[in-house]
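Trainee: So that we are looking at the same thing, I have put the structure below in structure tokens.
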Amino acid sequence: MFKKAYEGHYAVGAFNVNNMEIIQGIVAAAQQEKSPLILQVSAGARKYANHIYLMKLVEAAIEDTGLPICLHLDHGEDFDICKACIDGGFTSVMIDGSKHPFEENIEMTRRVVEYAHERGVVVEAELGRLAGVEDAVKVNTKDATYTDPDQAVEFVERTGCDSLAIAIGTSHGAYKFKGKPELDFARLEKNTNMLPGYPLVLHGASTVIPSFVEECNKYGGKLDGAQGVPEDMLLQAGKFGVCKINIDTDLRLAMTASIRKHLVENPGDFDPRQYLKPARQAIQDMVAHKMRDVLNSSNRL
Ligand code: G3H
Ligand code: 13P
Ligand code: ZN
């Protein structure tokens, strides 16, 4: 999947899933766009929905659509959760040792890679820390937390990880930048050049689509100052060896904006299907737009 993406200069969307409607919306978009996709599950999602429910929903999606869907653990924090997901049928796991010192990160990543590779599962790791809102403006913080290209080469060589999440200024959630959005593309380019042909991953890559934020706020929400990574920056990242782009916040916003609007406009509705159906459609439309116009992954199957 990544080899094709790298060579075709596009990125595969990795979408976080927590329930049936989210899975169905994303998968319908992939079918419509003939796009590859990754469905990913966080520790929080596993806790919320239970591993087996998510696993079976994804199996149902594969059986229903025939799409080659990769099921991935997002931000596994230790060997045990990675092992549980590998044993439990995931095709890919992330071991996120980024908060640990370099050598510890290498050690824990190597252990997961060994276990995963023996079982045909691929591993994403992370080096560098995603920015906090404050960090983005401070150059010395950048050097301390963003991914160092020389270290990245050593990390990949010593761990054998199959893809690497890097820090260049993105962050998780709906409040990514205080001022003007800024990513360190020079550092991304250096990482790409030091690891030619190697798939890099961009976390915290939601656009925080302004129309969803406006809709949330219009219908009773309070999301002041929400800001994400502009679409043109994501397109640029896709051309620089970023093969996997992680999206969760935009799914949450699409769903919440739709549900808020529906309930305000239809105060008598109380059947969850009445508001979950448009919410699922909103997810489908948003994901199809990403695949077509941001990831450049449509018609790649
Ligand atoms: O990287 C974080 C993802 O958005 C998952 O979030 O841990 O709240 O499920 P979560
Ligand atoms: P967003 O919060 O920008 O959607 O990032 C999601 C992510 O990186 C999941 O690992
Ligand atoms: Zn992430």
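Chain labels follow the order of the structure tokens: the first chain is A, the next B, and so on; residue numbering restarts at 1 in every chain, and ligands are counted from 1 in their shown order.
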Based on the backbone DSSP call, show me all residues of stretch 76-264 of chain A assigned strand (DSSP E or B), as a PyMOL selection string.
Mentor: chain A and resi 76+92-95+122-127+163-166+175+200-202+227+242-247
Trainee: Please produce a file of those selected residues containing N, CA and C atoms, as a short mmCIF file (atom, residue, chain, number, x, y, z; two decimals), in the first residue's frame.
Mentor:
data_model
loop_
_atom_site.label_atom_id
_atom_site.label_comp_id
_atom_site.auth_asym_id
_atom_site.auth_seq_id
_atom_site.Cartn_x
_atom_site.Cartn_y
_atom_site.Cartn_z
N GLY A 76 -0.27 2.71 20.02
CA GLY A 76 -0.08 1.69 21.05
C GLY A 76 1.01 2.15 22.00
N SER A 92 -1.84 -4.31 11.25
CA SER A 92 -0.82 -3.30 11.42
C SER A 92 -0.95 -2.69 12.82
N VAL A 93 0.17 -2.37 13.45
CA VAL A 93 0.11 -1.71 14.76
C VAL A 93 1.09 -0.54 14.80
N MET A 94 0.75 0.42 15.65
CA MET A 94 1.71 1.49 15.93
C MET A 94 2.21 1.32 17.36
N ILE A 95 3.51 1.31 17.52
CA ILE A 95 4.07 1.41 18.86
C ILE A 95 4.58 2.84 18.99
N VAL A 122 2.61 -5.46 10.15
CA VAL A 122 3.57 -4.36 9.98
C VAL A 122 3.47 -3.35 11.13
N VAL A 123 4.55 -2.60 11.30
CA VAL A 123 4.66 -1.73 12.48
C VAL A 123 5.01 -0.29 12.09
N GLU A 124 4.22 0.62 12.64
CA GLU A 124 4.54 2.06 12.56
C GLU A 124 5.13 2.47 13.92
N ALA A 125 6.15 3.32 13.88
CA ALA A 125 6.72 3.84 15.13
C ALA A 125 6.72 5.36 15.05
N GLU A 126 7.11 6.00 16.14
CA GLU A 126 7.13 7.47 16.13
C GLU A 126 8.40 8.00 16.76
N LEU A 127 8.95 9.01 16.10
CA LEU A 127 10.14 9.67 16.63
C LEU A 127 9.94 11.17 16.57
N SER A 163 7.16 1.91 8.99
CA SER A 163 6.84 3.30 8.66
C SER A 163 7.14 4.13 9.91
N LEU A 164 7.32 5.43 9.70
CA LEU A 164 7.73 6.27 10.83
C LEU A 164 6.91 7.56 10.87
N ALA A 165 6.27 7.78 12.03
CA ALA A 165 5.55 9.04 12.25
C ALA A 165 6.56 10.09 12.69
N ILE A 166 6.48 11.23 12.03
CA ILE A 166 7.45 12.30 12.33
C ILE A 166 6.73 13.55 12.85
N TYR A 175 -7.35 22.29 18.00
CA TYR A 175 -6.70 23.58 18.24
C TYR A 175 -5.21 23.43 17.95
N LEU A 200 6.76 7.81 5.39
CA LEU A 200 6.61 8.65 6.59
C LEU A 200 5.12 8.85 6.86
N VAL A 201 4.81 9.12 8.13
CA VAL A 201 3.42 9.24 8.55
C VAL A 201 3.20 10.61 9.21
N LEU A 202 2.07 11.23 8.89
CA LEU A 202 1.75 12.52 9.50
C LEU A 202 0.53 12.38 10.40
N GLN A 227 -8.55 25.43 14.81
CA GLN A 227 -7.81 25.61 13.56
C GLN A 227 -6.95 24.37 13.27
N VAL A 242 5.27 11.54 2.46
CA VAL A 242 4.30 11.17 3.51
C VAL A 242 3.26 10.27 2.86
N CYS A 243 3.20 9.02 3.34
CA CYS A 243 2.33 8.02 2.71
C CYS A 243 1.06 7.77 3.50
N LYS A 244 1.05 8.19 4.77
CA LYS A 244 -0.13 7.94 5.62
C LYS A 244 -0.46 9.23 6.34
N ILE A 245 -1.70 9.66 6.20
CA ILE A 245 -2.16 10.90 6.84
C ILE A 245 -3.30 10.56 7.79
N ASN A 246 -3.11 10.87 9.07
CA ASN A 246 -4.08 10.48 10.10
C ASN A 246 -5.18 11.53 10.29
N ILE A 247 -6.40 11.05 10.29
CA ILE A 247 -7.55 11.97 10.42
C ILE A 247 -8.55 11.41 11.43
#
Trainee: Give me, as a list in words, the set of residues whose atoms come within 6 Å of any atom of ligand 2, counting only C-alpha atoms and all ligand atoms.
Mentor: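 These are the residues that qualify: Asp74, His172, Gly173, His203, Gly204, Ala205, Ser206, Asn246, Ile247, Asp248, Thr249 and Asp250 of chain A.
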Trainee: Put those residues in a file: C-alpha atoms, as an mmCIF file, in the first residue's frame.
Mentor:
data_model
loop_
_atom_site.group_PDB
_atom_site.id
_atom_site.type_symbol
_atom_site.label_atom_id
_atom_site.label_comp_id
_atom_site.auth_asym_id
_atom_site.auth_seq_id
_atom_site.Cartn_x
_atom_site.Cartn_y
_atom_site.Cartn_z
ATOM 1 C CA ASP A 74 -3.211 3.872 16.610
ATOM 2 C CA HIS A 172 -3.747 16.296 17.723
ATOM 3 C CA GLY A 173 -7.194 17.788 18.176
ATOM 4 C CA HIS A 203 -0.330 12.551 12.669
ATOM 5 C CA GLY A 204 -2.542 15.396 13.767
ATOM 6 C CA ALA A 205 -3.399 16.085 10.152
ATOM 7 C CA SER A 206 -7.029 17.142 10.313
ATOM 8 C CA ASN A 246 -4.082 10.485 10.096
ATOM 9 C CA ILE A 247 -7.545 11.966 10.416
ATOM 10 C CA ASP A 248 -9.783 11.806 13.448
ATOM 11 C CA THR A 249 -10.847 15.319 14.441
ATOM 12 C CA ASP A 250 -12.471 16.029 11.054
#
Trainee: Nearest to A:Thr192 among A:Val121, A:Val58, A:Val229, A:Val153, with distances taken over only C-alpha atoms: which residue is it?
Mentor: A:Val153
Trainee: Please, which residues of stretch 154-238 of chain A, numbered as in this document, come out helix (DSSP H, G or I) from DSSP, as a PDB file with N, CA and C atoms, in the first residue's frame?
Mentor:
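Result written to states34.pdb:
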ATOM      1  N   GLU A 154      18.916   6.343  11.919  1.00  0.00           N
ATOM      2  CA  GLU A 154      19.411   5.369  12.904  1.00  0.00           C
ATOM      3  C   GLU A 154      18.241   4.576  13.511  1.00  0.00           C
ATOM      4  N   PHE A 155      17.169   5.282  13.812  1.00  0.00           N
ATOM      5  CA  PHE A 155      15.994   4.649  14.428  1.00  0.00           C
ATOM      6  C   PHE A 155      15.409   3.563  13.518  1.00  0.00           C
ATOM      7  N   VAL A 156      15.244   3.908  12.247  1.00  0.00           N
ATOM      8  CA  VAL A 156      14.652   2.953  11.296  1.00  0.00           C
ATOM      9  C   VAL A 156      15.587   1.748  11.120  1.00  0.00           C
ATOM     10  N   GLU A 157      16.888   2.023  11.000  1.00  0.00           N
ATOM     11  CA  GLU A 157      17.855   0.917  10.816  1.00  0.00           C
ATOM     12  C   GLU A 157      17.865  -0.026  12.010  1.00  0.00           C
ATOM     13  N   ARG A 158      17.852   0.549  13.204  1.00  0.00           N
ATOM     14  CA  ARG A 158      17.999  -0.285  14.406  1.00  0.00           C
ATOM     15  C   ARG A 158      16.702  -0.966  14.839  1.00  0.00           C
ATOM     16  N   THR A 159      15.551  -0.417  14.443  1.00  0.00           N
ATOM     17  CA  THR A 159      14.284  -1.043  14.875  1.00  0.00           C
ATOM     18  C   THR A 159      13.658  -1.925  13.803  1.00  0.00           C
ATOM     19  N   PHE A 185       8.501  22.269   6.657  1.00  0.00           N
ATOM     20  CA  PHE A 185       8.660  21.479   5.424  1.00  0.00           C
ATOM     21  C   PHE A 185      10.124  21.206   5.097  1.00  0.00           C
ATOM     22  N   ALA A 186      11.010  22.115   5.519  1.00  0.00           N
ATOM     23  CA  ALA A 186      12.441  21.884   5.267  1.00  0.00           C
ATOM     24  C   ALA A 186      12.880  20.619   6.001  1.00  0.00           C
ATOM     25  N   ARG A 187      12.370  20.448   7.215  1.00  0.00           N
ATOM     26  CA  ARG A 187      12.715  19.261   7.997  1.00  0.00           C
ATOM     27  C   ARG A 187      12.081  18.010   7.377  1.00  0.00           C
ATOM     28  N   LEU A 188      10.862  18.158   6.903  1.00  0.00           N
ATOM     29  CA  LEU A 188      10.208  17.022   6.245  1.00  0.00           C
ATOM     30  C   LEU A 188      11.029  16.598   5.031  1.00  0.00           C
ATOM     31  N   GLU A 189      11.449  17.566   4.240  1.00  0.00           N
ATOM     32  CA  GLU A 189      12.215  17.263   3.034  1.00  0.00           C
ATOM     33  C   GLU A 189      13.528  16.563   3.389  1.00  0.00           C
ATOM     34  N   LYS A 190      14.149  17.017   4.462  1.00  0.00           N
ATOM     35  CA  LYS A 190      15.412  16.418   4.894  1.00  0.00           C
ATOM     36  C   LYS A 190      15.176  14.966   5.339  1.00  0.00           C
ATOM     37  N   ASN A 191      14.098  14.763   6.083  1.00  0.00           N
ATOM     38  CA  ASN A 191      13.773  13.397   6.511  1.00  0.00           C
ATOM     39  C   ASN A 191      13.526  12.504   5.289  1.00  0.00           C
ATOM     40  N   THR A 192      12.804  13.037   4.312  1.00  0.00           N
ATOM     41  CA  THR A 192      12.505  12.269   3.094  1.00  0.00           C
ATOM     42  C   THR A 192      13.792  11.935   2.339  1.00  0.00           C
ATOM     43  N   ASN A 193      14.669  12.918   2.228  1.00  0.00           N
ATOM     44  CA  ASN A 193      15.907  12.685   1.487  1.00  0.00           C
ATOM     45  C   ASN A 193      16.829  11.699   2.190  1.00  0.00           C
ATOM     46  N   MET A 194      16.801  11.720   3.522  1.00  0.00           N
ATOM     47  CA  MET A 194      17.663  10.808   4.286  1.00  0.00           C
ATOM     48  C   MET A 194      17.118   9.376   4.268  1.00  0.00           C
ATOM     49  N   PRO A 210     -13.386  24.464   8.395  1.00  0.00           N
ATOM     50  CA  PRO A 210     -14.067  25.629   8.974  1.00  0.00           C
ATOM     51  C   PRO A 210     -15.600  25.545   8.911  1.00  0.00           C
ATOM     52  N   SER A 211     -16.165  24.972   7.825  1.00  0.00           N
ATOM     53  CA  SER A 211     -17.635  24.940   7.747  1.00  0.00           C
ATOM     54  C   SER A 211     -18.240  24.072   8.857  1.00  0.00           C
ATOM     55  N   PHE A 212     -17.523  23.025   9.272  1.00  0.00           N
ATOM     56  CA  PHE A 212     -18.032  22.196  10.386  1.00  0.00           C
ATOM     57  C   PHE A 212     -17.945  22.948  11.708  1.00  0.00           C
ATOM     58  N   VAL A 213     -16.856  23.685  11.879  1.00  0.00           N
ATOM     59  CA  VAL A 213     -16.691  24.459  13.124  1.00  0.00           C
ATOM     60  C   VAL A 213     -17.805  25.507  13.201  1.00  0.00           C
ATOM     61  N   GLU A 214     -18.045  26.184  12.062  1.00  0.00           N
ATOM     62  CA  GLU A 214     -19.109  27.205  12.029  1.00  0.00           C
ATOM     63  C   GLU A 214     -20.462  26.590  12.342  1.00  0.00           C
ATOM     64  N   GLU A 215     -20.708  25.405  11.750  1.00  0.00           N
ATOM     65  CA  GLU A 215     -22.005  24.752  11.965  1.00  0.00           C
ATOM     66  C   GLU A 215     -22.162  24.335  13.427  1.00  0.00           C
ATOM     67  N   CYS A 216     -21.105  23.787  14.001  1.00  0.00           N
ATOM     68  CA  CYS A 216     -21.157  23.418  15.420  1.00  0.00           C
ATOM     69  C   CYS A 216     -21.503  24.645  16.252  1.00  0.00           C
ATOM     70  N   ASN A 217     -20.799  25.741  15.985  1.00  0.00           N
ATOM     71  CA  ASN A 217     -21.014  26.959  16.778  1.00  0.00           C
ATOM     72  C   ASN A 217     -22.413  27.538  16.543  1.00  0.00           C
ATOM     73  N   LYS A 218     -22.870  27.466  15.297  1.00  0.00           N
ATOM     74  CA  LYS A 218     -24.194  28.003  14.979  1.00  0.00           C
ATOM     75  C   LYS A 218     -25.304  27.252  15.715  1.00  0.00           C
ATOM     76  N   GLU A 231      -5.444  22.537   3.732  1.00  0.00           N
ATOM     77  CA  GLU A 231      -5.416  21.461   2.732  1.00  0.00           C
ATOM     78  C   GLU A 231      -4.182  21.513   1.834  1.00  0.00           C
ATOM     79  N   ASP A 232      -3.769  22.730   1.460  1.00  0.00           N
ATOM     80  CA  ASP A 232      -2.614  22.799   0.548  1.00  0.00           C
ATOM     81  C   ASP A 232      -1.342  22.265   1.217  1.00  0.00           C
ATOM     82  N   MET A 233      -1.253  22.404   2.528  1.00  0.00           N
ATOM     83  CA  MET A 233      -0.076  21.868   3.238  1.00  0.00           C
ATOM     84  C   MET A 233      -0.099  20.338   3.240  1.00  0.00           C
ATOM     85  N   LEU A 234      -1.283  19.779   3.349  1.00  0.00           N
ATOM     86  CA  LEU A 234      -1.389  18.311   3.332  1.00  0.00           C
ATOM     87  C   LEU A 234      -1.047  17.760   1.947  1.00  0.00           C
ATOM     88  N   LEU A 235      -1.493  18.484   0.930  1.00  0.00           N
ATOM     89  CA  LEU A 235      -1.163  18.077  -0.447  1.00  0.00           C
ATOM     90  C   LEU A 235       0.344  18.095  -0.658  1.00  0.00           C
ATOM     91  N   GLN A 236       0.970  19.121  -0.113  1.00  0.00           N
ATOM     92  CA  GLN A 236       2.425  19.259  -0.220  1.00  0.00           C
ATOM     93  C   GLN A 236       3.121  18.097   0.505  1.00  0.00           C
ATOM     94  N   ALA A 237       2.614  17.763   1.697  1.00  0.00           N
ATOM     95  CA  ALA A 237       3.203  16.664   2.478  1.00  0.00           C
ATOM     96  C   ALA A 237       3.126  15.354   1.691  1.00  0.00           C
ATOM     97  N   GLY A 238       2.004  15.168   0.998  1.00  0.00           N
ATOM     98  CA  GLY A 238       1.811  13.956   0.195  1.00  0.00           C
ATOM     99  C   GLY A 238       2.848  13.835  -0.916  1.00  0.00           C
TER     100      GLY A 238
END
Trainee: Counting only C-alpha atoms and all ligand atoms, figure out which residue out of A:Ile81, A:Leu130, A:Ala61, A:Leu295 gets nearest to ligand 3.
Mentor: A:Leu130
Trainee: For A:Tyr275, please output as a VMD selection string all residues within 10 Å (counting only C-alpha atoms; exclusion window: fewer than 4 positions along the same chain).
Mentor: chain A and resid 255 258 to 263 266 269 to 271 279 to 280
Trainee: Skip A:Gly197 itself and residues of its chain fewer than 3 positions away, then list as a list in words all residues within 8 Å of it, counting only C-alpha atoms.
Mentor: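 So, after excluding close chain neighbours, the residues are Lys3, Tyr6, Thr192 and Gly241 of chain A.
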Trainee: Next, dump the selected residues to file, keeping only C-alpha atoms, as a PDB file, in the first residue's frame.
Mentor:
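Writing done, so here's result32.pdb:
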ATOM      1  CA  LYS A   3       4.995   1.496  -1.929  1.00  0.00           C
ATOM      2  CA  TYR A   6       5.130   6.615  -2.465  1.00  0.00           C
ATOM      3  CA  THR A 192      12.505  12.269   3.094  1.00  0.00           C
ATOM      4  CA  GLY A 241       7.147  11.028   1.001  1.00  0.00           C
TER       5      GLY A 241
END
